[in-house]
file entry_17.cif (mmCIF, N, CA and C atoms)
data_my_file
loop_
_atom_site.label_atom_id
_atom_site.label_comp_id
_atom_site.auth_asym_id
_atom_site.auth_seq_id
_atom_site.Cartn_x
_atom_site.Cartn_y
_atom_site.Cartn_z
N MET G 1 85.56 87.20 114.29
CA MET G 1 85.80 88.62 114.42
C MET G 1 84.73 89.38 113.65
N ASP G 2 84.21 90.42 114.26
CA ASP G 2 83.25 91.32 113.63
C ASP G 2 84.04 92.43 112.95
N SER G 3 84.24 92.32 111.65
CA SER G 3 85.07 93.28 110.93
C SER G 3 84.24 94.47 110.46
N SER G 4 84.73 95.65 110.78
CA SER G 4 84.11 96.90 110.34
C SER G 4 85.11 97.64 109.47
N CYS G 5 84.62 98.59 108.72
CA CYS G 5 85.48 99.43 107.91
C CYS G 5 85.43 100.86 108.46
N ILE G 6 86.57 101.31 108.95
CA ILE G 6 86.71 102.69 109.39
C ILE G 6 87.37 103.43 108.22
N PHE G 7 86.77 104.52 107.78
CA PHE G 7 87.37 105.20 106.63
C PHE G 7 87.56 106.68 106.88
N ILE G 8 88.58 107.20 106.23
CA ILE G 8 88.87 108.63 106.21
C ILE G 8 89.07 108.97 104.74
N GLU G 9 88.17 109.76 104.19
CA GLU G 9 88.22 110.11 102.77
C GLU G 9 88.54 111.59 102.58
N GLY G 10 89.20 111.87 101.49
CA GLY G 10 89.41 113.26 101.09
C GLY G 10 90.46 114.01 101.90
N MET G 11 91.46 113.30 102.41
CA MET G 11 92.55 113.99 103.11
C MET G 11 93.39 114.70 102.04
N LYS G 12 93.43 116.02 102.07
CA LYS G 12 94.15 116.79 101.05
C LYS G 12 95.48 117.29 101.59
N PHE G 13 96.51 117.12 100.77
CA PHE G 13 97.85 117.55 101.15
C PHE G 13 98.53 118.21 99.96
N TYR G 14 99.22 119.30 100.21
CA TYR G 14 100.09 119.88 99.20
C TYR G 14 101.45 119.24 99.42
N ALA G 15 101.94 118.51 98.41
CA ALA G 15 103.17 117.73 98.59
C ALA G 15 104.03 117.79 97.33
N HIS G 16 105.21 117.22 97.44
CA HIS G 16 106.23 117.33 96.39
C HIS G 16 106.65 115.95 95.89
N HIS G 17 105.71 115.23 95.28
CA HIS G 17 105.98 113.90 94.73
C HIS G 17 105.91 113.96 93.21
N GLY G 18 106.79 113.22 92.56
CA GLY G 18 106.74 113.13 91.11
C GLY G 18 108.10 112.79 90.52
N CYS G 19 108.07 112.30 89.30
CA CYS G 19 109.31 111.94 88.61
C CYS G 19 110.04 113.16 88.05
N PHE G 20 109.29 114.21 87.76
CA PHE G 20 109.90 115.42 87.20
C PHE G 20 110.40 116.32 88.31
N THR G 21 111.57 116.92 88.09
CA THR G 21 112.16 117.84 89.07
C THR G 21 111.19 118.95 89.44
N GLU G 22 110.46 119.46 88.44
CA GLU G 22 109.51 120.54 88.69
C GLU G 22 108.44 120.12 89.69
N GLU G 23 107.97 118.88 89.57
CA GLU G 23 106.94 118.38 90.49
C GLU G 23 107.46 118.35 91.93
N ARG G 24 108.70 117.93 92.08
CA ARG G 24 109.27 117.85 93.42
C ARG G 24 109.66 119.23 93.96
N THR G 25 109.86 120.20 93.05
CA THR G 25 110.20 121.56 93.47
C THR G 25 108.96 122.39 93.77
N ILE G 26 108.04 122.41 92.82
CA ILE G 26 106.84 123.26 92.93
C ILE G 26 105.77 122.60 93.81
N GLY G 27 105.56 121.31 93.63
CA GLY G 27 104.54 120.59 94.38
C GLY G 27 103.16 120.72 93.75
N THR G 28 102.24 119.96 94.27
CA THR G 28 100.84 119.99 93.81
C THR G 28 99.97 119.35 94.89
N TRP G 29 98.67 119.33 94.64
CA TRP G 29 97.72 118.78 95.60
C TRP G 29 97.51 117.28 95.37
N PHE G 30 97.41 116.57 96.48
CA PHE G 30 97.13 115.13 96.49
C PHE G 30 95.95 114.88 97.40
N VAL G 31 95.23 113.80 97.13
CA VAL G 31 94.11 113.39 97.97
C VAL G 31 94.32 111.93 98.36
N VAL G 32 94.15 111.64 99.65
CA VAL G 32 94.30 110.28 100.17
C VAL G 32 92.96 109.83 100.75
N ASP G 33 92.53 108.64 100.34
CA ASP G 33 91.38 107.96 100.94
C ASP G 33 91.92 106.69 101.58
N LEU G 34 91.52 106.44 102.80
CA LEU G 34 92.05 105.29 103.54
C LEU G 34 90.89 104.53 104.18
N TYR G 35 90.88 103.21 104.00
CA TYR G 35 89.84 102.33 104.54
C TYR G 35 90.52 101.28 105.39
N LEU G 36 90.18 101.24 106.67
CA LEU G 36 90.82 100.33 107.62
C LEU G 36 89.80 99.31 108.11
N TYR G 37 90.12 98.04 107.96
CA TYR G 37 89.23 96.96 108.37
C TYR G 37 89.74 96.37 109.68
N ALA G 38 88.91 96.48 110.71
CA ALA G 38 89.28 96.01 112.05
C ALA G 38 88.04 95.62 112.83
N ASP G 39 88.25 94.90 113.90
CA ASP G 39 87.16 94.51 114.78
C ASP G 39 86.83 95.69 115.70
N THR G 40 85.64 96.24 115.58
CA THR G 40 85.23 97.39 116.41
C THR G 40 84.16 97.01 117.44
N THR G 41 84.04 95.72 117.69
CA THR G 41 83.01 95.24 118.62
C THR G 41 83.10 95.92 119.98
N GLU G 42 84.31 96.02 120.52
CA GLU G 42 84.49 96.62 121.85
C GLU G 42 84.09 98.09 121.85
N ALA G 43 84.44 98.83 120.81
CA ALA G 43 84.06 100.25 120.73
C ALA G 43 82.54 100.41 120.59
N GLN G 44 81.91 99.51 119.84
CA GLN G 44 80.46 99.55 119.70
C GLN G 44 79.79 99.33 121.05
N ARG G 45 80.37 98.46 121.85
CA ARG G 45 79.80 98.12 123.15
C ARG G 45 80.07 99.19 124.21
N THR G 46 81.30 99.75 124.22
CA THR G 46 81.72 100.61 125.33
C THR G 46 81.66 102.11 125.05
N ASP G 47 81.64 102.51 123.78
CA ASP G 47 81.68 103.94 123.43
C ASP G 47 82.98 104.58 123.93
N ASP G 48 84.07 103.82 123.90
CA ASP G 48 85.36 104.26 124.41
C ASP G 48 86.34 104.42 123.25
N LEU G 49 86.92 105.61 123.11
CA LEU G 49 87.88 105.89 122.03
C LEU G 49 89.08 104.95 122.09
N GLU G 50 89.48 104.56 123.29
CA GLU G 50 90.63 103.66 123.43
C GLU G 50 90.36 102.27 122.84
N ALA G 51 89.10 101.95 122.56
CA ALA G 51 88.73 100.64 122.04
C ALA G 51 88.65 100.63 120.52
N THR G 52 89.06 101.72 119.88
CA THR G 52 88.99 101.78 118.42
C THR G 52 90.19 102.53 117.88
N ILE G 53 90.17 102.83 116.62
CA ILE G 53 91.26 103.53 115.95
C ILE G 53 90.96 105.03 115.96
N ASN G 54 91.89 105.80 116.46
CA ASN G 54 91.73 107.25 116.56
C ASN G 54 92.01 107.90 115.20
N TYR G 55 90.97 108.47 114.58
CA TYR G 55 91.10 109.06 113.24
C TYR G 55 92.13 110.18 113.20
N ALA G 56 92.17 110.99 114.26
CA ALA G 56 93.11 112.11 114.30
C ALA G 56 94.55 111.61 114.29
N GLU G 57 94.82 110.53 115.01
CA GLU G 57 96.17 109.94 115.01
C GLU G 57 96.53 109.41 113.62
N VAL G 58 95.58 108.72 112.99
CA VAL G 58 95.82 108.18 111.65
C VAL G 58 96.12 109.32 110.69
N TYR G 59 95.32 110.38 110.74
CA TYR G 59 95.55 111.54 109.87
C TYR G 59 96.97 112.08 110.06
N GLY G 60 97.42 112.20 111.29
CA GLY G 60 98.76 112.70 111.57
C GLY G 60 99.85 111.83 110.96
N LYS G 61 99.65 110.53 110.99
CA LYS G 61 100.63 109.60 110.40
C LYS G 61 100.64 109.72 108.89
N VAL G 62 99.46 109.84 108.27
CA VAL G 62 99.38 110.02 106.82
C VAL G 62 100.05 111.33 106.43
N LYS G 63 99.77 112.38 107.19
CA LYS G 63 100.36 113.69 106.92
C LYS G 63 101.89 113.64 106.97
N SER G 64 102.44 112.96 107.95
CA SER G 64 103.91 112.91 108.05
C SER G 64 104.53 112.11 106.90
N GLU G 65 103.86 111.07 106.42
CA GLU G 65 104.37 110.31 105.27
C GLU G 65 104.23 111.11 103.98
N MET G 66 103.16 111.89 103.86
CA MET G 66 102.98 112.72 102.66
C MET G 66 104.03 113.82 102.58
N ALA G 67 104.63 114.19 103.70
CA ALA G 67 105.64 115.25 103.73
C ALA G 67 107.00 114.79 103.21
N VAL G 68 107.18 113.48 103.07
CA VAL G 68 108.45 112.93 102.58
C VAL G 68 108.38 112.82 101.06
N SER G 69 109.16 113.62 100.35
CA SER G 69 109.13 113.65 98.89
C SER G 69 109.55 112.31 98.29
N SER G 70 108.80 111.87 97.29
CA SER G 70 109.09 110.62 96.59
C SER G 70 108.83 110.80 95.10
N LYS G 71 109.43 109.96 94.29
CA LYS G 71 109.19 110.02 92.85
C LYS G 71 107.85 109.37 92.49
N LEU G 72 107.54 108.25 93.12
CA LEU G 72 106.37 107.47 92.72
C LEU G 72 105.26 107.49 93.77
N MET G 73 104.03 107.61 93.29
CA MET G 73 102.88 107.55 94.19
C MET G 73 102.77 106.16 94.81
N GLU G 74 103.17 105.12 94.08
CA GLU G 74 103.14 103.77 94.62
C GLU G 74 104.01 103.69 95.88
N HIS G 75 105.15 104.37 95.85
CA HIS G 75 106.06 104.37 96.99
C HIS G 75 105.43 105.09 98.19
N VAL G 76 104.82 106.23 97.94
CA VAL G 76 104.18 107.00 99.02
C VAL G 76 103.05 106.18 99.64
N ALA G 77 102.17 105.63 98.80
CA ALA G 77 101.03 104.84 99.30
C ALA G 77 101.52 103.61 100.05
N GLY G 78 102.59 102.99 99.56
CA GLY G 78 103.16 101.82 100.24
C GLY G 78 103.71 102.17 101.61
N ARG G 79 104.37 103.32 101.72
CA ARG G 79 104.88 103.77 103.02
C ARG G 79 103.74 104.01 104.01
N ILE G 80 102.67 104.65 103.52
CA ILE G 80 101.51 104.92 104.38
C ILE G 80 100.91 103.59 104.86
N ALA G 81 100.71 102.65 103.93
CA ALA G 81 100.13 101.35 104.28
C ALA G 81 101.01 100.62 105.29
N ASP G 82 102.32 100.61 105.07
CA ASP G 82 103.24 99.94 105.99
C ASP G 82 103.16 100.55 107.38
N ARG G 83 103.12 101.87 107.45
CA ARG G 83 103.08 102.55 108.75
C ARG G 83 101.79 102.25 109.52
N ILE G 84 100.67 102.29 108.80
CA ILE G 84 99.38 102.02 109.47
C ILE G 84 99.35 100.58 109.99
N LEU G 85 99.79 99.63 109.18
CA LEU G 85 99.79 98.24 109.63
C LEU G 85 100.78 98.03 110.77
N ARG G 86 101.90 98.73 110.76
CA ARG G 86 102.88 98.62 111.84
C ARG G 86 102.34 99.23 113.14
N ASP G 87 101.71 100.41 113.04
CA ASP G 87 101.28 101.14 114.23
C ASP G 87 99.92 100.69 114.78
N TYR G 88 99.14 100.00 113.98
CA TYR G 88 97.81 99.56 114.41
C TYR G 88 97.65 98.06 114.17
N PRO G 89 98.09 97.24 115.11
CA PRO G 89 98.01 95.79 114.92
C PRO G 89 96.57 95.27 114.80
N GLU G 90 95.61 96.06 115.23
CA GLU G 90 94.21 95.64 115.11
C GLU G 90 93.67 95.75 113.69
N VAL G 91 94.38 96.46 112.81
CA VAL G 91 93.96 96.57 111.41
C VAL G 91 94.38 95.30 110.69
N GLU G 92 93.39 94.57 110.20
CA GLU G 92 93.64 93.31 109.49
C GLU G 92 93.86 93.53 108.00
N LYS G 93 93.25 94.58 107.48
CA LYS G 93 93.32 94.86 106.04
C LYS G 93 93.13 96.35 105.86
N LEU G 94 93.74 96.89 104.81
CA LEU G 94 93.48 98.29 104.49
C LEU G 94 93.42 98.46 102.98
N ARG G 95 92.72 99.49 102.59
CA ARG G 95 92.66 99.91 101.19
C ARG G 95 93.05 101.37 101.17
N ILE G 96 93.94 101.73 100.25
CA ILE G 96 94.40 103.11 100.14
C ILE G 96 94.27 103.56 98.70
N ARG G 97 93.89 104.81 98.57
CA ARG G 97 93.79 105.44 97.25
C ARG G 97 94.50 106.79 97.35
N LEU G 98 95.48 106.99 96.48
CA LEU G 98 96.25 108.23 96.45
C LEU G 98 96.10 108.84 95.07
N LYS G 99 95.60 110.08 95.01
CA LYS G 99 95.38 110.76 93.74
C LYS G 99 96.23 112.04 93.68
N LYS G 100 96.84 112.26 92.53
CA LYS G 100 97.53 113.53 92.26
C LYS G 100 96.57 114.36 91.42
N LEU G 101 96.20 115.53 91.91
CA LEU G 101 95.27 116.39 91.18
C LEU G 101 96.02 117.18 90.10
N ASN G 102 95.39 117.31 88.95
CA ASN G 102 95.95 118.06 87.82
C ASN G 102 97.39 117.65 87.50
N PRO G 103 97.62 116.37 87.21
CA PRO G 103 98.99 115.93 86.93
C PRO G 103 99.51 116.57 85.64
N PRO G 104 100.82 116.84 85.58
CA PRO G 104 101.41 117.51 84.42
C PRO G 104 101.65 116.53 83.27
N LEU G 105 100.60 116.10 82.62
CA LEU G 105 100.71 115.12 81.54
C LEU G 105 100.47 115.74 80.16
N GLY G 106 100.47 117.05 80.09
CA GLY G 106 100.31 117.72 78.80
C GLY G 106 98.88 117.86 78.33
N GLU G 107 97.96 117.34 79.05
CA GLU G 107 96.53 117.43 78.71
C GLU G 107 95.76 117.84 79.95
N LYS G 108 94.49 118.14 79.77
CA LYS G 108 93.63 118.48 80.91
C LYS G 108 93.14 117.18 81.54
N ILE G 109 93.76 116.81 82.65
CA ILE G 109 93.41 115.58 83.37
C ILE G 109 93.12 115.96 84.82
N GLU G 110 92.00 115.51 85.31
CA GLU G 110 91.60 115.83 86.69
C GLU G 110 92.53 115.21 87.71
N ALA G 111 92.85 113.92 87.54
CA ALA G 111 93.68 113.25 88.53
C ALA G 111 94.30 111.99 87.94
N SER G 112 95.40 111.58 88.52
CA SER G 112 95.99 110.27 88.27
C SER G 112 96.29 109.68 89.64
N GLY G 113 96.48 108.39 89.71
CA GLY G 113 96.74 107.86 91.04
C GLY G 113 96.96 106.37 91.09
N VAL G 114 96.94 105.89 92.31
CA VAL G 114 97.16 104.48 92.59
C VAL G 114 96.21 104.06 93.71
N GLU G 115 95.74 102.83 93.63
CA GLU G 115 94.87 102.29 94.67
C GLU G 115 95.22 100.82 94.85
N PHE G 116 95.32 100.37 96.09
CA PHE G 116 95.56 98.96 96.34
C PHE G 116 95.06 98.57 97.73
N CYS G 117 94.95 97.26 97.92
CA CYS G 117 94.58 96.70 99.21
C CYS G 117 95.79 95.95 99.76
N ARG G 118 95.92 95.97 101.06
CA ARG G 118 96.99 95.20 101.71
C ARG G 118 96.37 94.49 102.90
N THR G 119 96.67 93.21 103.03
CA THR G 119 96.17 92.40 104.13
C THR G 119 97.33 92.01 105.03
N ARG G 120 97.11 92.06 106.32
CA ARG G 120 98.14 91.67 107.28
C ARG G 120 98.47 90.21 107.08
N LYS G 121 99.74 89.88 107.12
CA LYS G 121 100.16 88.48 106.92
C LYS G 121 100.22 87.76 108.23
#
call {"tool": "encode", "arguments": {"input": "entry_17.cif", "output": "structure tokens"}}
result
Amino acid sequence: MDSSCIFIEGMKFYAHHGCFTEERTIGTWFVVDLYLYADTTEAQRTDDLEATINYAEVYGKVKSEMAVSSKLMEHVAGRIADRILRDYPEVEKLRIRLKKLNPPLGEKIEASGVEFCRTRK
């Protein structure tokens, strides 16, 4: 298999995730970076969108998962990873990075987050 990495970086969402009630009430900005590893040989050969992963569709799925309030970023990122692997059987591996901008940690912090890789079993 000729594995390529299709990526979508910097997807910004205003969402309501966090352990504190205020975070889930007020919300804040999050950034998602997603890297999908799949065989794109057919798309390279044919120039056909049906032969690859549609970025707009992936964005829509990430957006819908980000809209579901959760306490932990690990939970949100895990849901996104599960959905992508379920909906795109051609994805053999993915890497996801989820950042919460300006987290309420009592100090000036740009971001906190979680990043992991998941491989199809």
call {"tool": "closest_residue", "arguments": {"input": "entry_17.cif", "among": "G:Ile84, G:Ile96, G:Val76, G:Ala38", "to": "Val58 (chain G)", "atoms": "all atoms listed in the file"}}
result
G:Ile84
call {"tool": "closest_residue", "arguments": {"input": "entry_17.cif", "among": "G:Glu9, G:Lys93, G:His16, G:Gln44", "to": "Val31 (chain G)", "atoms": "all atoms listed in the file"}}
result
G:Glu9
call {"tool": "closest_residue", "arguments": {"input": "entry_17.cif", "among": "G:Cys117, G:Val62, G:Ala67, G:Met73", "to": "Tyr14 (chain G)", "atoms": "only C-alpha atoms"}}
result
G:Ala67
call {"tool": "closest_residue", "arguments": {"input": "entry_17.cif", "among": "G:Lys121, G:Arg45, G:Lys12, G:Lys108", "to": "Pro89 (chain G)", "atoms": "only C-alpha atoms"}}
result
G:Lys121
call {"tool": "resolve_selection", "arguments": {"input": "entry_17.cif", "expression": "the PyMOL selection byres ((chain G and resi 37) around 5)", "output": "ChimeraX atom specification"}}
result
/G:4-6,35-36,38-39,91-94
call {"tool": "select_by_dssp", "arguments": {"input": "entry_17.cif", "residues": "chain G", "states": "helix (DSSP H, G or I)", "output": "PyMOL selection string"}}
result
chain G and resi 21-26+41-46+49-51+55-66+73-87
call {"tool": "select_by_dssp", "arguments": {"input": "entry_17.cif", "residues": "chain G", "states": "strand (DSSP E or B)", "output": "number ranges by chain"}}
result
G: 3-15, 28-39, 91-101, 111-119
call {"tool": "closest_residue", "arguments": {"input": "entry_17.cif", "among": "G:Ile8, G:Cys19, G:Leu101, G:Val114", "to": "Ser69 (chain G)", "atoms": "only C-alpha atoms"}}
result
G:Cys19
call {"tool": "resolve_selection", "arguments": {"input": "entry_17.cif", "expression": "the PyMOL selection byres ((chain G and resi 29) around 6)", "output": "list of chain:residue names"}}
result
G:Phe13, G:Tyr14, G:Ala15, G:Gly27, G:Thr28, G:Phe30, G:Val31, G:Lys99, G:Lys100, G:Leu101
call {"tool": "residues_around", "arguments": {"input": "entry_17.cif", "residues": "Thr52 (chain G)", "least_positions_apart": "4", "cutoff": "8 Å", "atoms": "only C-alpha atoms", "output": "tab-separated table (two decimals) with N, CA and C atoms, keeping the file's coordinate frame"}}
result
chain	number	residue	atom	x	y	z
G	40	THR	N	85.64	96.24	115.58
G	40	THR	CA	85.23	97.39	116.41
G	40	THR	C	84.16	97.01	117.44
G	42	GLU	N	84.31	96.02	120.52
G	42	GLU	CA	84.49	96.62	121.85
G	42	GLU	C	84.09	98.09	121.85
G	43	ALA	N	84.44	98.83	120.81
G	43	ALA	CA	84.06	100.25	120.73
G	43	ALA	C	82.54	100.41	120.59
G	48	ASP	N	84.07	103.82	123.90
G	48	ASP	CA	85.36	104.26	124.41
G	48	ASP	C	86.34	104.42	123.25
call {"tool": "atom_distance", "arguments": {"input": "entry_17.cif", "atom1": "atom N of Arg95 (chain G)", "atom2": "CA of Glu115 (chain G)"}}
result
8.7 Å
call {"tool": "residues_around", "arguments": {"input": "entry_17.cif", "residues": "Ala77 (chain G)", "least_positions_apart": "3", "cutoff": "9 Å", "atoms": "only C-alpha atoms", "output": "CSV table (one decimal) with N, CA and C atoms, in the frame of the given file"}}
result
chain,number,residue,atom,x,y,z
G,32,VAL,N,94.2,111.6,99.6
G,32,VAL,CA,94.3,110.3,100.2
G,32,VAL,C,93.0,109.8,100.8
G,65,GLU,N,103.9,111.1,106.4
G,65,GLU,CA,104.4,110.3,105.3
G,65,GLU,C,104.2,111.1,104.0
G,66,MET,N,103.2,111.9,103.9
G,66,MET,CA,103.0,112.7,102.7
G,66,MET,C,104.0,113.8,102.6
G,72,LEU,N,107.5,108.2,93.1
G,72,LEU,CA,106.4,107.5,92.7
G,72,LEU,C,105.3,107.5,93.8
G,73,MET,N,104.0,107.6,93.3
G,73,MET,CA,102.9,107.6,94.2
G,73,MET,C,102.8,106.2,94.8
G,74,GLU,N,103.2,105.1,94.1
G,74,GLU,CA,103.1,103.8,94.6
G,74,GLU,C,104.0,103.7,95.9
G,80,ILE,N,102.7,104.6,103.5
G,80,ILE,CA,101.5,104.9,104.4
G,80,ILE,C,100.9,103.6,104.9
G,81,ALA,N,100.7,102.6,103.9
G,81,ALA,CA,100.1,101.4,104.3
G,81,ALA,C,101.0,100.6,105.3
G,82,ASP,N,102.3,100.6,105.1
G,82,ASP,CA,103.2,99.9,106.0
G,82,ASP,C,103.2,100.6,107.4
G,96,ILE,N,93.9,101.7,100.2
G,96,ILE,CA,94.4,103.1,100.1
G,96,ILE,C,94.3,103.6,98.7
G,97,ARG,N,93.9,104.8,98.6
G,97,ARG,CA,93.8,105.4,97.2
G,97,ARG,C,94.5,106.8,97.4
G,98,LEU,N,95.5,107.0,96.5
G,98,LEU,CA,96.2,108.2,96.4
G,98,LEU,C,96.1,108.8,95.1
G,114,VAL,N,96.9,105.9,92.3
G,114,VAL,CA,97.2,104.5,92.6
G,114,VAL,C,96.2,104.1,93.7
G,115,GLU,N,95.7,102.8,93.6
G,115,GLU,CA,94.9,102.3,94.7
G,115,GLU,C,95.2,100.8,94.8
G,116,PHE,N,95.3,100.4,96.1
G,116,PHE,CA,95.6,99.0,96.3
G,116,PHE,C,95.1,98.6,97.7
call {"tool": "atom_distance", "arguments": {"input": "entry_17.cif", "atom1": "CA of Arg118 (chain G)", "atom2": "CA of Gly60 (chain G)"}}
result
20.2 Å
call {"tool": "atom_distance", "arguments": {"input": "entry_17.cif", "atom1": "atom C of Glu50 (chain G)", "atom2": "atom C of Leu34 (chain G)"}}
result
18.8 Å
call {"tool": "closest_residue", "arguments": {"input": "entry_17.cif", "among": "G:Thr25, G:Glu57, G:Glu107, G:Asp33", "to": "Phe7 (chain G)", "atoms": "only N, CA and C atoms"}}
result
G:Asp33
call {"tool": "residues_around", "arguments": {"input": "entry_17.cif", "residues": "Gly18 (chain G)", "least_positions_apart": "2", "cutoff": "7 Å", "atoms": "only C-alpha atoms", "output": "list in words"}}
result
His16, Phe20, Glu23, Arg24, Ser70, Lys71 and Leu72 of chain G
